[in-house]
Amino acid sequence: MPNLQAPGELFMHCTVTHVRLAGLAVSTGSAVRDFIADGLAAGVELGQLERVAKTVGLRKRRVAAPGVTALDLCEDAARRLLDEMGIDASSIDAVIFVTQTPDHSQPNNASLLHGRLGLSKSAPAFELSMGCSGWVYGLQQAALLCAHGGAARVLLCAGDTLSRLTNPGDRATDPLFGDAGSATLVERTGHAAPFHFVLGADGAGAGSIMVPAGGARQPAAEATRLETIDAEGNRLHAENLQMNGAEVFNFTLREVPDAVNAVMKQAGWTASDADALVLHQANRFIISTVGRKCGFPADKTPMDIVEQYGNQSSASIPCALIDALGDRLQTSPLKIVACGFGVGLSWGAFAGEIGPLVVVPLRPFPAIT
Amino acid sequence: MNRVQQLQALQADVDVLAGADEATRLDGLPSWDSLAILLVISHFEHVHKIEITGAQVRACRTVGDILALLSPCS
């Protein structure tokens, strides 16, 4: 049974028992982009590029090949995970898809994945339109379905192709993002340690990360693709992902440490009890700043993944779990604190003991031979 | 921390302010950009435990204006 909070408490929190995280897989984009090379090609001075690379931690990122979508990346991750675990897709009781870059406005990616994998008609498929905080939200929903919703096995897929939304002429935003799709299998069990969640949102700041056009409010049109140039010379139009970096940074510093502390308090842990703090891999600068403010040493706060793959939106936490902790998670339980944060503005924090579990190695899709 | 120490601490965290003084105009610095603004916000949070917004930093015209953001609290 989930343990829910009383109305009016500072954070929405809950604890879910008798569930476990059974497996993880992530498929990344296959095209490698180099921050310095791309910047030089765009006419940016080398010294300026090196300064940003060093301070923010921008090196390389992997973006989806032409024609490849978040659905394709997540399907590949899901198939590899099910193959590795020897699980038949018909045994999945529900599928949750987390994305802000769906193939279509209708139907949702969850239904399309349901069809591609050949899931049972008794398995519901639904979508969460969330970005960088989305994996934690999806994990909470999957855990609740297992603990309280009649499911024994839930497939959570989370991923985005945000590189398609940025303008190559926007040097403040475009170099940040990579593309990836993740698959996480959550199962009901009799023995697992509790999963703790803290969720929150600040919709007043929603405009800080936005794609203004392309939806019902401002449909895509020729006029919404007219580029403007900002004070720093960045080109962008209304169908591009637009981000106020300073406001998002303020939001992150204000909300994430409190959410992390709240979920650790719920778990009865301190930073020294936890094996790792796995933050959404926004960039090295943000991860190191937030990790420090949360009281975690750098060696417990993975941040290398983002320099190789870029900001992978809702796939970044599972990707960091695999890259930084995969070997240990395959053999032993670890006390993991995780926090996703971003578009919405929204945040979700998790604390729980996970492992041993099946960890499928990171791989680009399509596979590079 | 006196004003000179505040400036030195700021310069240690915000590389583009190296060699600047309080009268230095920010729009005259070649690398005064959105990253520099993030570094200022981070410096205030980490060193002074003060939350300032991007809008407050963007409204500053000189290095002295940035240091003045400390005044209500110093």
# chains A, B, ... in the order shown; residues from 1 in each chain; ligands from 1
$ closest_atom_pairs --of "chain B" --to "chain A" --cutoff "8 Å" --atoms "only C-alpha atoms" --output "tab-separated table"
residue	atom	partner	partner_atom	distance
B:Ser31	CA	A:Gln48	CA	7.4
B:Asp33	CA	A:Glu232	CA	7.0
B:Ser34	CA	A:Gly245	CA	7.4
B:Leu35	CA	A:Val52	CA	7.5
B:Ile37	CA	A:Ala246	CA	7.0
B:Leu38	CA	A:Ala246	CA	5.8
B:Ile41	CA	A:Asn250	CA	7.7
B:Ser42	CA	A:Thr289	CA	7.6
B:Glu51	CA	A:Asn250	CA	7.5
B:Ile52	CA	A:Asn250	CA	7.7
B:Thr53	CA	A:Asn250	CA	6.5
B:Gly54	CA	A:Ala246	CA	4.9
$ write_last_selection --atoms "N, CA and C atoms" --output "PDB file, in the first residue's frame"
ATOM      1  N   SER B  31      33.438  38.713 -23.148  1.00  0.00           N
ATOM      2  CA  SER B  31      32.802  37.426 -22.839  1.00  0.00           C
ATOM      3  C   SER B  31      31.710  37.550 -21.782  1.00  0.00           C
ATOM      4  N   ASP B  33      28.370  37.132 -20.987  1.00  0.00           N
ATOM      5  CA  ASP B  33      27.300  36.438 -21.687  1.00  0.00           C
ATOM      6  C   ASP B  33      26.429  35.670 -20.682  1.00  0.00           C
ATOM      7  N   SER B  34      25.556  34.821 -21.190  1.00  0.00           N
ATOM      8  CA  SER B  34      24.628  34.095 -20.315  1.00  0.00           C
ATOM      9  C   SER B  34      25.374  33.159 -19.360  1.00  0.00           C
ATOM     10  N   LEU B  35      26.505  32.613 -19.796  1.00  0.00           N
ATOM     11  CA  LEU B  35      27.289  31.769 -18.904  1.00  0.00           C
ATOM     12  C   LEU B  35      27.852  32.591 -17.744  1.00  0.00           C
ATOM     13  N   ILE B  37      26.565  35.167 -16.442  1.00  0.00           N
ATOM     14  CA  ILE B  37      25.449  35.445 -15.519  1.00  0.00           C
ATOM     15  C   ILE B  37      25.206  34.245 -14.601  1.00  0.00           C
ATOM     16  N   LEU B  38      25.267  33.045 -15.164  1.00  0.00           N
ATOM     17  CA  LEU B  38      25.107  31.842 -14.327  1.00  0.00           C
ATOM     18  C   LEU B  38      26.203  31.761 -13.270  1.00  0.00           C
ATOM     19  N   ILE B  41      25.388  34.118 -10.450  1.00  0.00           N
ATOM     20  CA  ILE B  41      24.330  33.557  -9.601  1.00  0.00           C
ATOM     21  C   ILE B  41      24.900  32.464  -8.699  1.00  0.00           C
ATOM     22  N   SER B  42      25.712  31.593  -9.289  1.00  0.00           N
ATOM     23  CA  SER B  42      26.310  30.498  -8.514  1.00  0.00           C
ATOM     24  C   SER B  42      27.221  31.034  -7.422  1.00  0.00           C
ATOM     25  N   GLU B  51      20.244  34.277  -2.866  1.00  0.00           N
ATOM     26  CA  GLU B  51      19.673  33.965  -4.174  1.00  0.00           C
ATOM     27  C   GLU B  51      19.412  35.254  -4.929  1.00  0.00           C
ATOM     28  N   ILE B  52      20.042  35.370  -6.087  1.00  0.00           N
ATOM     29  CA  ILE B  52      19.755  36.498  -6.976  1.00  0.00           C
ATOM     30  C   ILE B  52      19.256  35.922  -8.292  1.00  0.00           C
ATOM     31  N   THR B  53      18.526  36.733  -9.038  1.00  0.00           N
ATOM     32  CA  THR B  53      17.934  36.234 -10.286  1.00  0.00           C
ATOM     33  C   THR B  53      18.758  36.694 -11.479  1.00  0.00           C
ATOM     34  N   GLY B  54      18.512  36.019 -12.602  1.00  0.00           N
ATOM     35  CA  GLY B  54      19.160  36.429 -13.836  1.00  0.00           C
ATOM     36  C   GLY B  54      18.772  37.859 -14.206  1.00  0.00           C
TER      37      GLY B  54
END
$ residues_around --residues "stretch 60-73 of chain B" --least-positions-apart "6" --cutoff "6 Å" --atoms "only C-alpha atoms" --output "PDB file with C-alpha atoms, in the first residue's frame"
ATOM      1  CA  GLU B  22      34.046  48.363  -9.882  1.00  0.00           C
ATOM      2  CA  ALA B  23      33.736  50.909 -12.678  1.00  0.00           C
ATOM      3  CA  THR B  24      34.203  48.374 -15.455  1.00  0.00           C
ATOM      4  CA  ARG B  25      31.188  48.293 -17.732  1.00  0.00           C
ATOM      5  CA  LEU B  26      29.859  44.780 -18.249  1.00  0.00           C
TER       6      LEU B  26
END
$ select_by_dssp --residues "stretch 148-349 of chain A" --states "helix (DSSP H, G or I)" --output "PyMOL selection string"
chain A and resi 148+162-164+174-176+203-208+222-225+245-267+284-293+298-300+305-309+313-331
$ write_last_selection --atoms "C-alpha atoms" --output "PDB file, in the first residue's frame"
ATOM      1  CA  HIS A 148      -1.815  -0.870  -5.843  1.00  0.00           C
ATOM      2  CA  LEU A 162      15.179  17.403 -28.077  1.00  0.00           C
ATOM      3  CA  SER A 163      17.978  18.027 -30.569  1.00  0.00           C
ATOM      4  CA  ARG A 164      15.203  18.272 -33.179  1.00  0.00           C
ATOM      5  CA  ASP A 174      21.512  23.773 -29.088  1.00  0.00           C
ATOM      6  CA  PRO A 175      24.850  22.341 -27.850  1.00  0.00           C
ATOM      7  CA  LEU A 176      23.288  21.079 -24.627  1.00  0.00           C
ATOM      8  CA  GLY A 203       3.849  26.307 -13.067  1.00  0.00           C
ATOM      9  CA  ALA A 204       4.399  30.039 -12.619  1.00  0.00           C
ATOM     10  CA  GLY A 205       7.822  29.464 -14.123  1.00  0.00           C
ATOM     11  CA  ALA A 206       6.597  27.355 -17.020  1.00  0.00           C
ATOM     12  CA  GLY A 207       7.661  29.942 -19.571  1.00  0.00           C
ATOM     13  CA  SER A 208      11.321  29.479 -18.634  1.00  0.00           C
ATOM     14  CA  GLU A 222       5.351  30.020 -41.910  1.00  0.00           C
ATOM     15  CA  ALA A 223       5.295  32.950 -39.505  1.00  0.00           C
ATOM     16  CA  THR A 224       6.309  30.776 -36.549  1.00  0.00           C
ATOM     17  CA  ARG A 225       9.477  29.781 -38.422  1.00  0.00           C
ATOM     18  CA  GLY A 245      19.131  29.540 -18.517  1.00  0.00           C
ATOM     19  CA  ALA A 246      19.430  31.901 -15.555  1.00  0.00           C
ATOM     20  CA  GLU A 247      15.824  31.397 -14.454  1.00  0.00           C
ATOM     21  CA  VAL A 248      16.114  27.635 -14.809  1.00  0.00           C
ATOM     22  CA  PHE A 249      19.337  27.702 -12.800  1.00  0.00           C
ATOM     23  CA  ASN A 250      17.623  29.732 -10.067  1.00  0.00           C
ATOM     24  CA  PHE A 251      14.747  27.259 -10.006  1.00  0.00           C
ATOM     25  CA  THR A 252      17.130  24.325  -9.784  1.00  0.00           C
ATOM     26  CA  LEU A 253      19.101  25.788  -6.889  1.00  0.00           C
ATOM     27  CA  ARG A 254      15.896  26.733  -5.100  1.00  0.00           C
ATOM     28  CA  GLU A 255      13.904  23.505  -5.440  1.00  0.00           C
ATOM     29  CA  VAL A 256      16.162  20.514  -6.070  1.00  0.00           C
ATOM     30  CA  PRO A 257      18.189  20.502  -2.833  1.00  0.00           C
ATOM     31  CA  ASP A 258      14.985  20.797  -0.791  1.00  0.00           C
ATOM     32  CA  ALA A 259      13.384  17.947  -2.726  1.00  0.00           C
ATOM     33  CA  VAL A 260      16.476  15.768  -2.310  1.00  0.00           C
ATOM     34  CA  ASN A 261      16.625  16.507   1.403  1.00  0.00           C
ATOM     35  CA  ALA A 262      12.902  15.808   1.765  1.00  0.00           C
ATOM     36  CA  VAL A 263      13.078  12.423   0.061  1.00  0.00           C
ATOM     37  CA  MET A 264      16.152  11.436   2.080  1.00  0.00           C
ATOM     38  CA  LYS A 265      14.370  12.430   5.268  1.00  0.00           C
ATOM     39  CA  GLN A 266      11.442  10.288   4.183  1.00  0.00           C
ATOM     40  CA  ALA A 267      13.841   7.377   3.691  1.00  0.00           C
ATOM     41  CA  ARG A 284      28.374  19.306 -15.400  1.00  0.00           C
ATOM     42  CA  PHE A 285      28.110  22.838 -13.996  1.00  0.00           C
ATOM     43  CA  ILE A 286      24.557  22.351 -12.736  1.00  0.00           C
ATOM     44  CA  ILE A 287      25.175  18.821 -11.441  1.00  0.00           C
ATOM     45  CA  SER A 288      28.271  19.810  -9.482  1.00  0.00           C
ATOM     46  CA  THR A 289      26.606  22.931  -8.079  1.00  0.00           C
ATOM     47  CA  VAL A 290      23.439  21.107  -7.008  1.00  0.00           C
ATOM     48  CA  GLY A 291      25.315  18.059  -5.731  1.00  0.00           C
ATOM     49  CA  ARG A 292      27.452  20.281  -3.537  1.00  0.00           C
ATOM     50  CA  LYS A 293      24.398  22.102  -2.226  1.00  0.00           C
ATOM     51  CA  ALA A 298      31.607  14.706  -6.141  1.00  0.00           C
ATOM     52  CA  ASP A 299      32.535  11.015  -6.179  1.00  0.00           C
ATOM     53  CA  LYS A 300      28.958  10.128  -5.215  1.00  0.00           C
ATOM     54  CA  ILE A 305      27.704  10.894 -18.798  1.00  0.00           C
ATOM     55  CA  VAL A 306      26.582  14.332 -19.886  1.00  0.00           C
ATOM     56  CA  GLU A 307      29.967  15.157 -21.436  1.00  0.00           C
ATOM     57  CA  GLN A 308      29.689  12.115 -23.696  1.00  0.00           C
ATOM     58  CA  TYR A 309      25.990  12.083 -24.522  1.00  0.00           C
ATOM     59  CA  SER A 313      15.960  14.760 -20.984  1.00  0.00           C
ATOM     60  CA  SER A 314      13.970  12.007 -19.234  1.00  0.00           C
ATOM     61  CA  ALA A 315      16.464   9.311 -20.296  1.00  0.00           C
ATOM     62  CA  SER A 316      19.397  10.921 -18.500  1.00  0.00           C
ATOM     63  CA  ILE A 317      18.911   9.381 -15.039  1.00  0.00           C
ATOM     64  CA  PRO A 318      18.640   5.764 -16.274  1.00  0.00           C
ATOM     65  CA  CYS A 319      21.584   6.462 -18.590  1.00  0.00           C
ATOM     66  CA  ALA A 320      23.665   7.725 -15.668  1.00  0.00           C
ATOM     67  CA  LEU A 321      22.618   4.741 -13.546  1.00  0.00           C
ATOM     68  CA  ILE A 322      23.867   2.384 -16.255  1.00  0.00           C
ATOM     69  CA  ASP A 323      27.039   4.295 -17.081  1.00  0.00           C
ATOM     70  CA  ALA A 324      28.204   5.134 -13.580  1.00  0.00           C
ATOM     71  CA  LEU A 325      26.727   2.371 -11.448  1.00  0.00           C
ATOM     72  CA  GLY A 326      25.752  -0.407 -13.839  1.00  0.00           C
ATOM     73  CA  ASP A 327      28.451  -2.875 -12.799  1.00  0.00           C
ATOM     74  CA  ARG A 328      27.613  -2.497  -9.105  1.00  0.00           C
ATOM     75  CA  LEU A 329      23.844  -2.575  -9.678  1.00  0.00           C
ATOM     76  CA  GLN A 330      24.102  -5.920 -11.462  1.00  0.00           C
ATOM     77  CA  THR A 331      25.537  -7.599  -8.402  1.00  0.00           C
TER      78      THR A 331
END
$ residues_around --residues "A:Leu144" --least-positions-apart "4" --cutoff "9 Å" --atoms "only C-alpha atoms" --output "PyMOL selection string"
chain A and resi 1-2+16-17+19+139-140+148-149+151
$ select_by_dssp --residues "stretch 17-130 of chain A" --states "strand (DSSP E)" --output "list of chain:residue names"
A:Val19, A:Arg20, A:Leu21, A:Ala22, A:Gly23, A:Leu24, A:Ala25, A:Val26, A:Ser27, A:Thr28, A:Ala31, A:Val32, A:Arg33, A:Asp34, A:Lys60, A:Arg61, A:Arg62, A:Val63, A:Ala94, A:Val95, A:Ile96, A:Phe97, A:Val98, A:Ala125, A:Phe126, A:Glu127, A:Leu128
$ write_last_selection --atoms "C-alpha atoms" --output "compact mmCIF listing (two decimals), in the first residue's frame"
# COMPACT_ATOMS: atom_id res chain seq x y z
CA VAL A 19 8.06 -3.27 -5.77
CA ARG A 20 11.48 -3.57 -7.33
CA LEU A 21 13.35 -2.13 -10.26
CA ALA A 22 14.13 -5.25 -12.29
CA GLY A 23 16.01 -3.96 -15.32
CA LEU A 24 17.36 -0.95 -17.20
CA ALA A 25 18.36 -0.25 -20.80
CA VAL A 26 19.11 2.92 -22.75
CA SER A 27 19.57 3.42 -26.48
CA THR A 28 21.24 6.65 -27.52
CA ALA A 31 25.33 10.63 -34.58
CA VAL A 32 28.20 12.09 -32.55
CA ARG A 33 28.41 15.89 -32.36
CA ASP A 34 31.50 17.66 -31.05
CA LYS A 60 30.27 15.57 -27.12
CA ARG A 61 26.67 14.55 -27.52
CA ARG A 62 24.81 11.87 -29.42
CA VAL A 63 21.82 12.88 -31.48
CA ALA A 94 1.10 -1.93 -18.51
CA VAL A 95 3.32 0.44 -20.45
CA ILE A 96 4.01 4.05 -19.51
CA PHE A 97 5.71 6.34 -22.02
CA VAL A 98 7.32 9.61 -20.92
CA ALA A 125 -0.78 2.10 -22.34
CA PHE A 126 -0.60 5.74 -21.37
CA GLU A 127 1.69 8.71 -21.68
CA LEU A 128 3.16 11.35 -19.39
$ closest_residue --among "A:Asn167, A:Ala213, A:Val358, A:Ala89" --to "A:Thr228" --atoms "only C-alpha atoms"
A:Asn167
